[in-house]
Amino acid sequence: MHKLAARFYYDTLLSDKGTAGLEYLTKRGIGKNAITRYGLGFAPDKFDALKNFLLSKGYRLNEMFEAGLLSKSQKNASYYDKFRNRVIFPIIDLRSNVIAFSGRSIGDSGPKYLNSPETPIYTKGHTLFGLNLAKDEGADALILVEGNLDVVSLSQAGFKNAIAPLGTAFTKDQARIIAKYTKQVILCFD
C-alpha cells in the first residue's frame with residue numbers, strides 16, 4: 001500500500017496537479033534527478049485523492065488509516081487524506097520498502113512538516129531518511145543533517161552520503177544503526 005501511495009504522489013508531482021509542488025521544489029533548487037532519486041511527490045490539496053486511488057486498488061479505509069495514510073474526523077468519524085498540499089518525502093527502509101511519509105507544507109496551513117504516525121512497519125526512532133541510499137555510496141563518513149530537504153539538497157550537490165533523523169530527536173537506536181555503516185559521522189545542523 002505504501003509503495004502504491006509513493007507512486008501516486010510521485011506521479012501527481014509530475015502531472016498538472018503537481019504544479020504547485022514542482023514550483024516549490026524548483027524554487028528550493030531541487031532538480032529532476034534528485035526528485036527521481038528520492039521518489040519525491042506531491043499530495044494534492046484534496047481530502048480524498050489518495051483515499052479514492054487506494055480504494056480503486058482494493059484497499060479498505062481501516063487499512064489505510066492503520067497504515068497512517070488517512071486521518072479520521074472526530075466529529076463524524078469520516079476518513080480523509082492525511083497529507084494535503086504538501087511535497088512528499090517517502091521514508092524508505094534499508095530493504096528499499098516504503099514504510100512512511102513526511103510531508104512539507106507549501107502553504108501557510110498546518111505544521112511545516114507532517115509525518116506519518118508510528119505503525120506496525122514504521123518506528124520513527126529506528127529509521128533515518130536517506131540511509132537506504134547513503135549506505136551504498138562508499139564514503140568514509142555519513143553526514144547527519146537536520147531534515148529531509150537538507151539530505152536531498154546535499155545529495156544534489158554531490159554529497160550523496162547525507163542522512164537525517166525523522167523528527168526533532170536523535171535516538172540511541174539511530175546511532176546504533178549508523179554505527180553499522182560508518183565509524184565517522186559529520187554533524188551538519190542548521
# chains A, B, ... in the order shown; residues from 1 in each chain; ligands from 1

call {"tool": "select_by_dssp", "arguments": {"residues": "stretch 46-189 of chain A", "states": "strand (DSSP E)", "output": "VMD selection string"}}
result
chain A and resid 70 to 72 79 to 81 86 to 92 98 to 105 113 to 115 128 to 129 141 to 145 162 to 165 184 to 188

call {"tool": "residues_around", "arguments": {"residues": "A:Leu166", "least_positions_apart": "2", "cutoff": "10 Å", "atoms": "only C-alpha atoms", "output": "number ranges by chain"}}
result
A: 91, 102, 115, 123-129, 146-148, 163-164, 168-171, 174

call {"tool": "residues_around", "arguments": {"residues": "A:Phe47", "least_positions_apart": "3", "cutoff": "10 Å", "atoms": "only C-alpha atoms", "output": "JSON, numbers by chain"}}
result
{"A": [43, 44, 50, 51, 52, 70, 71, 79, 80, 81, 82, 83, 84, 85]}

call {"tool": "write_last_selection", "arguments": {"atoms": "C-alpha atoms", "output": "PDB file, in the first residue's frame"}}
result
ATOM      1  CA  ALA A  43      -0.175  15.395  -2.218  1.00  0.00           C
ATOM      2  CA  PRO A  44      -2.859  17.489  -3.906  1.00  0.00           C
ATOM      3  CA  LEU A  50      -5.127   9.221  -2.174  1.00  0.00           C
ATOM      4  CA  LYS A  51      -8.125   7.642  -0.440  1.00  0.00           C
ATOM      5  CA  ASN A  52     -10.002   7.221  -3.734  1.00  0.00           C
ATOM      6  CA  LEU A  70      -5.581   8.621   6.332  1.00  0.00           C
ATOM      7  CA  SER A  71      -6.793  10.614   9.307  1.00  0.00           C
ATOM      8  CA  TYR A  79     -11.726   9.329   6.796  1.00  0.00           C
ATOM      9  CA  TYR A  80      -9.660  11.831   4.815  1.00  0.00           C
ATOM     10  CA  ASP A  81      -6.153  12.056   3.331  1.00  0.00           C
ATOM     11  CA  LYS A  82      -3.547  12.769   5.999  1.00  0.00           C
ATOM     12  CA  PHE A  83      -1.314  14.663   3.569  1.00  0.00           C
ATOM     13  CA  ARG A  84      -2.748  17.540   1.528  1.00  0.00           C
ATOM     14  CA  ASN A  85      -0.992  20.336  -0.363  1.00  0.00           C
TER      15      ASN A  85
END

call {"tool": "residues_around", "arguments": {"residues": "A:Leu142", "least_positions_apart": "2", "cutoff": "10 Å", "atoms": "only C-alpha atoms", "output": "ChimeraX atom specification"}}
result
/A:131,134-135,137-140,144-145,159-164,178-179,181-187

call {"tool": "write_last_selection", "arguments": {"atoms": "C-alpha atoms", "output": "short mmCIF file (atom, residue, chain, number, x, y, z; two decimals), in the first residue's frame"}}
result
data_model
loop_
_atom_site.label_atom_id
_atom_site.label_comp_id
_atom_site.auth_asym_id
_atom_site.auth_seq_id
_atom_site.Cartn_x
_atom_site.Cartn_y
_atom_site.Cartn_z
CA LEU A 131 20.23 5.87 4.75
CA ALA A 134 23.73 6.80 1.52
CA LYS A 135 24.93 3.47 2.91
CA GLU A 137 27.87 5.40 -1.60
CA GLY A 138 31.23 4.12 -0.36
CA ALA A 139 32.01 7.27 1.61
CA ASP A 140 34.23 7.16 4.70
CA LEU A 144 23.95 13.80 9.61
CA VAL A 145 21.76 16.79 8.76
CA PHE A 159 27.29 14.72 -1.07
CA LYS A 160 25.30 11.53 -1.52
CA ASN A 161 26.19 10.27 1.96
CA ALA A 162 23.77 12.59 3.80
CA ILE A 163 21.09 11.27 6.17
CA ALA A 164 18.61 12.79 8.61
CA ILE A 178 24.63 4.45 11.79
CA ALA A 179 27.50 2.64 13.56
CA TYR A 181 27.76 1.63 8.28
CA THR A 182 30.50 4.03 9.38
CA LYS A 183 32.83 4.97 12.22
CA GLN A 184 32.74 8.66 11.29
CA VAL A 185 29.71 10.96 11.38
CA ILE A 186 29.82 14.58 10.37
CA LEU A 187 27.15 16.70 12.09
#

call {"tool": "closest_residue", "arguments": {"among": "A:Ile30, A:Met64, A:Leu54, A:Val87", "to": "A:Phe42", "atoms": "only C-alpha atoms"}}
result
A:Val87

call {"tool": "select_by_dssp", "arguments": {"residues": "chain A", "states": "helix (DSSP H, G or I)", "output": "JSON, numbers by chain"}}
result
{"A": [2, 3, 4, 5, 6, 7, 8, 9, 10, 11, 12, 13, 16, 17, 18, 19, 20, 21, 22, 23, 24, 25, 26, 27, 32, 33, 34, 35, 36, 37, 38, 49, 50, 51, 52, 53, 54, 55, 56, 61, 62, 63, 64, 65, 66, 124, 125, 126, 131, 132, 133, 134, 148, 149, 150, 151, 152, 153, 154, 155, 156, 172, 173, 174, 175, 176, 177, 178, 179]}

call {"tool": "closest_residue", "arguments": {"among": "A:Phe8, A:Leu69, A:Asp45, A:Gly130", "to": "A:Ser153", "atoms": "only C-alpha atoms"}}
result
A:Gly130

call {"tool": "residues_around", "arguments": {"residues": "A:Gly68", "least_positions_apart": "2", "cutoff": "6 Å", "atoms": "only C-alpha atoms", "output": "VMD selection string"}}
result
chain A and resid 65 to 66 70 116 to 117

call {"tool": "write_last_selection", "arguments": {"atoms": "N, CA and C atoms", "output": "mmCIF file, in the first residue's frame"}}
result
data_model
loop_
_atom_site.group_PDB
_atom_site.id
_atom_site.type_symbol
_atom_site.label_atom_id
_atom_site.label_comp_id
_atom_site.auth_asym_id
_atom_site.auth_seq_id
_atom_site.Cartn_x
_atom_site.Cartn_y
_atom_site.Cartn_z
ATOM 1 N N PHE A 65 -6.074 3.813 7.218
ATOM 2 C CA PHE A 65 -5.957 4.540 8.478
ATOM 3 C C PHE A 65 -4.874 3.917 9.359
ATOM 4 N N GLU A 66 -4.885 2.611 9.506
ATOM 5 C CA GLU A 66 -3.888 1.918 10.325
ATOM 6 C C GLU A 66 -2.485 2.062 9.757
ATOM 7 N N LEU A 70 -4.360 7.841 6.154
ATOM 8 C CA LEU A 70 -5.581 8.621 6.332
ATOM 9 C C LEU A 70 -5.682 9.084 7.780
ATOM 10 N N SER A 116 4.161 10.695 9.080
ATOM 11 C CA SER A 116 3.338 9.523 9.354
ATOM 12 C C SER A 116 3.421 9.181 10.831
ATOM 13 N N PRO A 117 2.338 8.682 11.386
ATOM 14 C CA PRO A 117 2.409 8.186 12.760
ATOM 15 C C PRO A 117 3.163 6.859 12.779
#

call {"tool": "closest_atom_pairs", "arguments": {"of": "stretch 57-146 of chain A", "to": "stretch 1-6 of chain A", "cutoff": "8 Å", "atoms": "only C-alpha atoms", "output": "tab-separated table"}}
result
residue	atom	partner	partner_atom	distance
A:Tyr59	CA	A:Met1	CA	7.8
A:Met64	CA	A:Met1	CA	7.9
A:Ala67	CA	A:His2	CA	8.0
A:Pro90	CA	A:Ala6	CA	6.4
A:Asn97	CA	A:Lys3	CA	7.3
A:Val98	CA	A:Lys3	CA	5.6
A:Ile99	CA	A:His2	CA	6.2
A:Ala100	CA	A:His2	CA	7.0

call {"tool": "write_last_selection", "arguments": {"atoms": "N, CA, C and O atoms", "output": "compact mmCIF listing (two decimals), in the first residue's frame"}}
result
# COMPACT_ATOMS: atom_id res chain seq x y z
N TYR A 59 -8.00 -1.52 -1.50
CA TYR A 59 -7.71 -1.35 -0.07
C TYR A 59 -8.93 -0.81 0.65
O TYR A 59 -9.74 -0.08 0.09
N MET A 64 -6.00 1.73 5.38
CA MET A 64 -5.31 2.98 5.07
C MET A 64 -5.08 3.81 6.33
O MET A 64 -4.01 4.41 6.51
N ALA A 67 -2.39 2.27 8.45
CA ALA A 67 -1.10 2.45 7.80
C ALA A 67 -0.61 3.90 7.91
O ALA A 67 0.50 4.22 7.48
N PRO A 90 9.04 10.15 0.64
CA PRO A 90 8.83 8.77 1.11
C PRO A 90 9.94 8.37 2.08
O PRO A 90 11.12 8.68 1.85
N ASN A 97 11.93 -0.71 1.14
CA ASN A 97 10.47 -0.69 1.27
C ASN A 97 10.02 0.69 1.73
O ASN A 97 10.60 1.25 2.67
N VAL A 98 9.00 1.24 1.09
CA VAL A 98 8.40 2.49 1.55
C VAL A 98 7.59 2.15 2.80
O VAL A 98 6.70 1.30 2.76
N ILE A 99 7.93 2.81 3.92
CA ILE A 99 7.28 2.46 5.20
C ILE A 99 6.52 3.63 5.83
O ILE A 99 5.75 3.43 6.76
N ALA A 100 6.72 4.85 5.32
CA ALA A 100 6.07 6.03 5.90
C ALA A 100 6.31 7.21 4.97
O ALA A 100 6.98 7.08 3.94

call {"tool": "atom_distance", "arguments": {"atom1": "atom CA of A:Arg28", "atom2": "atom CA of A:Asn132"}}
result
23.2 Å

call {"tool": "residues_around", "arguments": {"residues": "stretch 107-111 of chain A", "least_positions_apart": "2", "cutoff": "10 Å", "atoms": "only C-alpha atoms", "output": "short mmCIF file (atom, residue, chain, number, x, y, z; two decimals) with N, CA, C and O atoms, in the first residue's frame"}}
result
data_model
loop_
_atom_site.label_atom_id
_atom_site.label_comp_id
_atom_site.auth_asym_id
_atom_site.auth_seq_id
_atom_site.Cartn_x
_atom_site.Cartn_y
_atom_site.Cartn_z
N ALA A 20 2.11 23.10 -8.21
CA ALA A 20 2.49 23.87 -7.02
C ALA A 20 3.66 23.22 -6.30
O ALA A 20 4.59 23.90 -5.85
N TYR A 24 7.52 24.69 -5.94
CA TYR A 24 8.17 24.81 -4.64
C TYR A 24 9.57 24.18 -4.68
O TYR A 24 10.56 24.78 -4.25
N ARG A 84 -2.09 16.72 2.54
CA ARG A 84 -2.75 17.54 1.53
C ARG A 84 -1.91 18.79 1.30
O ARG A 84 -1.43 19.41 2.24
N ASN A 85 -1.74 19.14 0.03
CA ASN A 85 -0.99 20.34 -0.36
C ASN A 85 0.42 20.34 0.24
O ASN A 85 0.86 21.33 0.82
N ARG A 86 1.07 19.20 0.08
CA ARG A 86 2.42 19.03 0.63
C ARG A 86 3.33 18.32 -0.36
O ARG A 86 2.89 17.42 -1.06
N GLY A 103 5.61 15.02 4.94
CA GLY A 103 5.08 16.00 4.01
C GLY A 103 5.43 17.41 4.41
O GLY A 103 5.18 17.81 5.54
N ARG A 104 6.02 18.16 3.49
CA ARG A 104 6.40 19.56 3.71
C ARG A 104 5.32 20.46 3.17
O ARG A 104 4.99 20.41 1.98
N SER A 105 4.74 21.28 4.03
CA SER A 105 3.70 22.21 3.62
C SER A 105 4.28 23.21 2.62
O SER A 105 5.39 23.71 2.80
N TYR A 113 6.12 20.59 8.75
CA TYR A 113 6.27 19.18 8.38
C TYR A 113 5.21 18.36 9.09
O TYR A 113 4.93 18.58 10.26
N LEU A 114 4.64 17.43 8.37
CA LEU A 114 3.68 16.48 8.92
C LEU A 114 4.23 15.10 8.60
O LEU A 114 4.57 14.81 7.45
N ASN A 115 4.34 14.26 9.62
CA ASN A 115 4.94 12.93 9.45
C ASN A 115 3.92 11.83 9.71
O ASN A 115 2.97 12.01 10.46
#

call {"tool": "atom_distance", "arguments": {"atom1": "atom CA of A:Tyr10", "atom2": "atom CA of A:Leu40"}}
result
5.8 Å
